Amino acid sequence: MSQKPLDPLDVDTEIPLFPLSGALLLPQTQRPFMIFEPRYISMIDDVLQTNRILGLIQPIHDGKESPSGNDSPLKKTGCLGYLRAFEEQDANKYMIVLEGICRFDIKDEIPTQKPYRVARIDLDPFVQDFDLEAGIDKVNRDEFINSMRQYAKFADIEFDWAGIENIQTALLINMCCVLAPYGAQEKQALLEAKSIFERAQTLMALSQMEITSAGSTSGSATLQ
């Protein structure tokens, strides 16, 4: 059985691609996916027999959740996912859990007879993703938590605040980004943030803008 890579040298640089609009996966986070399209059933079957790694990436045009064909343009940057768990729901459906490994840039796509897309990738710009402590000294954890508390109250989101005490700061930031209810463009901005500090700042800014915008709209409605 394969294991999740802990070093960029352990990653195969030719991977299957899973294009999905509005989906965000970040290093060390986990999220479930329901797989039912035949092309992706085939992809999961192949991945289970090899290294359990695929690349989650967003299409440039978000009109369709997962565009068909191999000519739909994709974002340059995605995130490697390790297939941590899977359950066969029936003959044509899988429930899987992906765990983020490291972001990647697509170098080029590889012609294939497979029903899914395959690409050659570059991990060099994102090797820091393998170290959860990289750049964390610049993050004000209390400021971040207070910002997320404010947003959770605004959006009426239940959160186990007591349970986050033992969660590493970088993992906490990445988890909050994955769970944040934003659109495809905002999620891509969070993915492409150069550092964990920049990602935290981006999420706090998005949250504050939404709160401020709602306040302005409410105020305008009251004045009418």
# chains A, B, ... in the order shown; residues from 1 in each chain; ligands from 1
$ residues_around --residues "A:Pro67" --least-positions-apart "4" --cutoff "8 Å" --atoms "only C-alpha atoms" --output "number ranges by chain"
A: 19, 59, 72
$ residues_around --residues "A:Asp137" --least-positions-apart "4" --cutoff "10 Å" --atoms "only C-alpha atoms" --output "PyMOL selection string"
chain A and resi 133+141+169+196-197
$ atom_distance --atom1 "atom CA of A:Val127" --atom2 "atom CA of A:Val47"
22.8 Å
$ residues_around --residues "A:Leu190" --least-positions-apart "2" --cutoff "8 Å" --atoms "only C-alpha atoms" --output "list in words"
Cys177, Glu186, Lys187, Gln188, Glu192, Ala193, Arg199, Thr202 and Leu203 of chain A
$ select_by_dssp --residues "chain A" --states "strand (DSSP E or B)" --output "ChimeraX atom specification"
/A:14-19,27,30-35,53-57,59,74,77-90,93-109,118-122
$ residues_around --residues "A:His61" --least-positions-apart "2" --cutoff "12 Å" --atoms "only C-alpha atoms" --output "PyMOL selection string"
chain A and resi 19-22+57-59+63-67+71-75+184-185
$ residues_around --residues "A:Ile167" --least-positions-apart "5" --cutoff "12 Å" --atoms "only C-alpha atoms" --output "list in words"
Gln28, Thr29, Leu132, Arg141, Ile145, Asp160, Trp161, Ala162, Leu172, Ile173, Asn174, Met175 and Cys176 of chain A
$ write_last_selection --atoms "C-alpha atoms" --output "PDB file, in the first residue's frame"
ATOM      1  CA  GLN A  28      -2.738  18.771   5.316  1.00  0.00           C
ATOM      2  CA  THR A  29      -6.481  19.430   5.015  1.00  0.00           C
ATOM      3  CA  LEU A 132       3.658  23.435   8.254  1.00  0.00           C
ATOM      4  CA  ARG A 141      -2.788  33.619  15.695  1.00  0.00           C
ATOM      5  CA  ILE A 145      -8.949  33.535  15.501  1.00  0.00           C
ATOM      6  CA  ASP A 160     -15.741  24.183  18.084  1.00  0.00           C
ATOM      7  CA  TRP A 161     -13.529  27.013  19.309  1.00  0.00           C
ATOM      8  CA  ALA A 162     -12.335  25.038  22.332  1.00  0.00           C
ATOM      9  CA  LEU A 172      -6.018  25.959  11.284  1.00  0.00           C
ATOM     10  CA  ILE A 173      -5.650  28.629   8.595  1.00  0.00           C
ATOM     11  CA  ASN A 174      -5.823  26.078   5.803  1.00  0.00           C
ATOM     12  CA  MET A 175      -8.867  24.394   7.343  1.00  0.00           C
ATOM     13  CA  CYS A 176     -10.703  27.706   7.653  1.00  0.00           C
TER      14      CYS A 176
END
$ residues_around --residues "A:Asp10" --least-positions-apart "5" --cutoff "12 Å" --atoms "only C-alpha atoms" --output "ChimeraX atom specification"
/A:2-5,51,53,101-102,123,127,130
$ closest_residue --among "A:Glu37, A:Asp7, A:Asp105, A:Glu198" --to "A:Pro125" --atoms "only C-alpha atoms"
A:Asp105
$ atom_distance --atom1 "atom CA of A:Gln168" --atom2 "atom CA of A:Asp131"
11.5 Å
$ atom_distance --atom1 "atom CA of A:Glu88" --atom2 "atom CA of A:Pro32"
13.2 Å
$ closest_residue --among "A:Tyr151, A:Phe33, A:Tyr82, A:Phe159" --to "A:Met95" --atoms "only C-alpha atoms"
A:Phe33
$ residues_around --residues "A:Ala91" --least-positions-apart "2" --cutoff "10 Å" --atoms "only C-alpha atoms" --output "PDB file with C-alpha atoms, in the first residue's frame"
ATOM      1  CA  PHE A  36     -19.816   9.286 -10.096  1.00  0.00           C
ATOM      2  CA  ILE A  41     -14.445   6.366 -11.649  1.00  0.00           C
ATOM      3  CA  GLU A  88     -17.682   2.125  -2.972  1.00  0.00           C
ATOM      4  CA  GLN A  89     -21.285   3.286  -2.707  1.00  0.00           C
ATOM      5  CA  LYS A  93     -20.172   5.686  -7.322  1.00  0.00           C
ATOM      6  CA  TYR A  94     -17.280   6.275  -4.905  1.00  0.00           C
TER       7      TYR A  94
END
$ select_by_dssp --residues "stretch 8-199 of chain A" --states "alpha helix (DSSP H)" --output "CSV table (one decimal) with C-alpha atoms, in the first residue's frame"
chain,number,residue,atom,x,y,z
A,38,PRO,CA,-17.3,7.3,-15.5
A,39,ARG,CA,-14.1,9.2,-16.4
A,40,TYR,CA,-13.4,9.8,-12.8
A,41,ILE,CA,-14.4,6.4,-11.6
A,42,SER,CA,-11.7,5.2,-14.0
A,43,MET,CA,-9.3,7.7,-12.6
A,44,ILE,CA,-9.9,6.5,-9.0
A,45,ASP,CA,-9.6,2.9,-10.1
A,46,ASP,CA,-6.2,3.7,-11.6
A,47,VAL,CA,-5.0,5.8,-8.7
A,48,LEU,CA,-5.9,3.1,-6.2
A,49,GLN,CA,-3.6,0.7,-8.1
A,141,ARG,CA,-2.8,33.6,15.7
A,142,ASP,CA,-5.0,35.6,18.1
A,143,GLU,CA,-5.8,38.1,15.4
A,144,PHE,CA,-6.8,35.4,13.0
A,145,ILE,CA,-8.9,33.5,15.5
A,146,ASN,CA,-10.7,36.8,16.5
A,147,SER,CA,-11.4,37.5,12.9
A,148,MET,CA,-12.8,34.0,12.3
A,149,ARG,CA,-14.9,34.3,15.5
A,150,GLN,CA,-16.4,37.6,14.1
A,151,TYR,CA,-17.2,36.0,10.8
A,152,ALA,CA,-18.7,32.8,12.3
A,153,LYS,CA,-21.0,35.0,14.4
A,154,PHE,CA,-22.0,37.1,11.3
A,155,ALA,CA,-22.6,34.0,9.1
A,169,THR,CA,-1.7,27.5,13.3
A,170,ALA,CA,-1.0,26.8,9.6
A,171,LEU,CA,-3.4,23.8,9.6
A,172,LEU,CA,-6.0,26.0,11.3
A,173,ILE,CA,-5.6,28.6,8.6
A,174,ASN,CA,-5.8,26.1,5.8
A,175,MET,CA,-8.9,24.4,7.3
A,176,CYS,CA,-10.7,27.7,7.7
A,177,CYS,CA,-9.9,28.5,4.0
A,178,VAL,CA,-11.2,25.1,2.8
A,179,LEU,CA,-14.4,25.5,4.8
A,184,ALA,CA,-14.2,29.9,-7.3
A,185,GLN,CA,-12.1,33.1,-7.8
A,186,GLU,CA,-11.8,33.7,-4.1
A,187,LYS,CA,-10.8,30.1,-3.5
A,188,GLN,CA,-8.2,30.3,-6.2
A,189,ALA,CA,-6.7,33.4,-4.5
A,190,LEU,CA,-6.5,31.5,-1.2
A,191,LEU,CA,-4.8,28.6,-3.0
A,192,GLU,CA,-2.2,30.8,-4.8
A,196,ILE,CA,0.7,31.0,5.0
A,197,PHE,CA,0.8,34.6,6.3
A,198,GLU,CA,-0.6,35.9,3.0
A,199,ARG,CA,-3.3,33.3,3.0
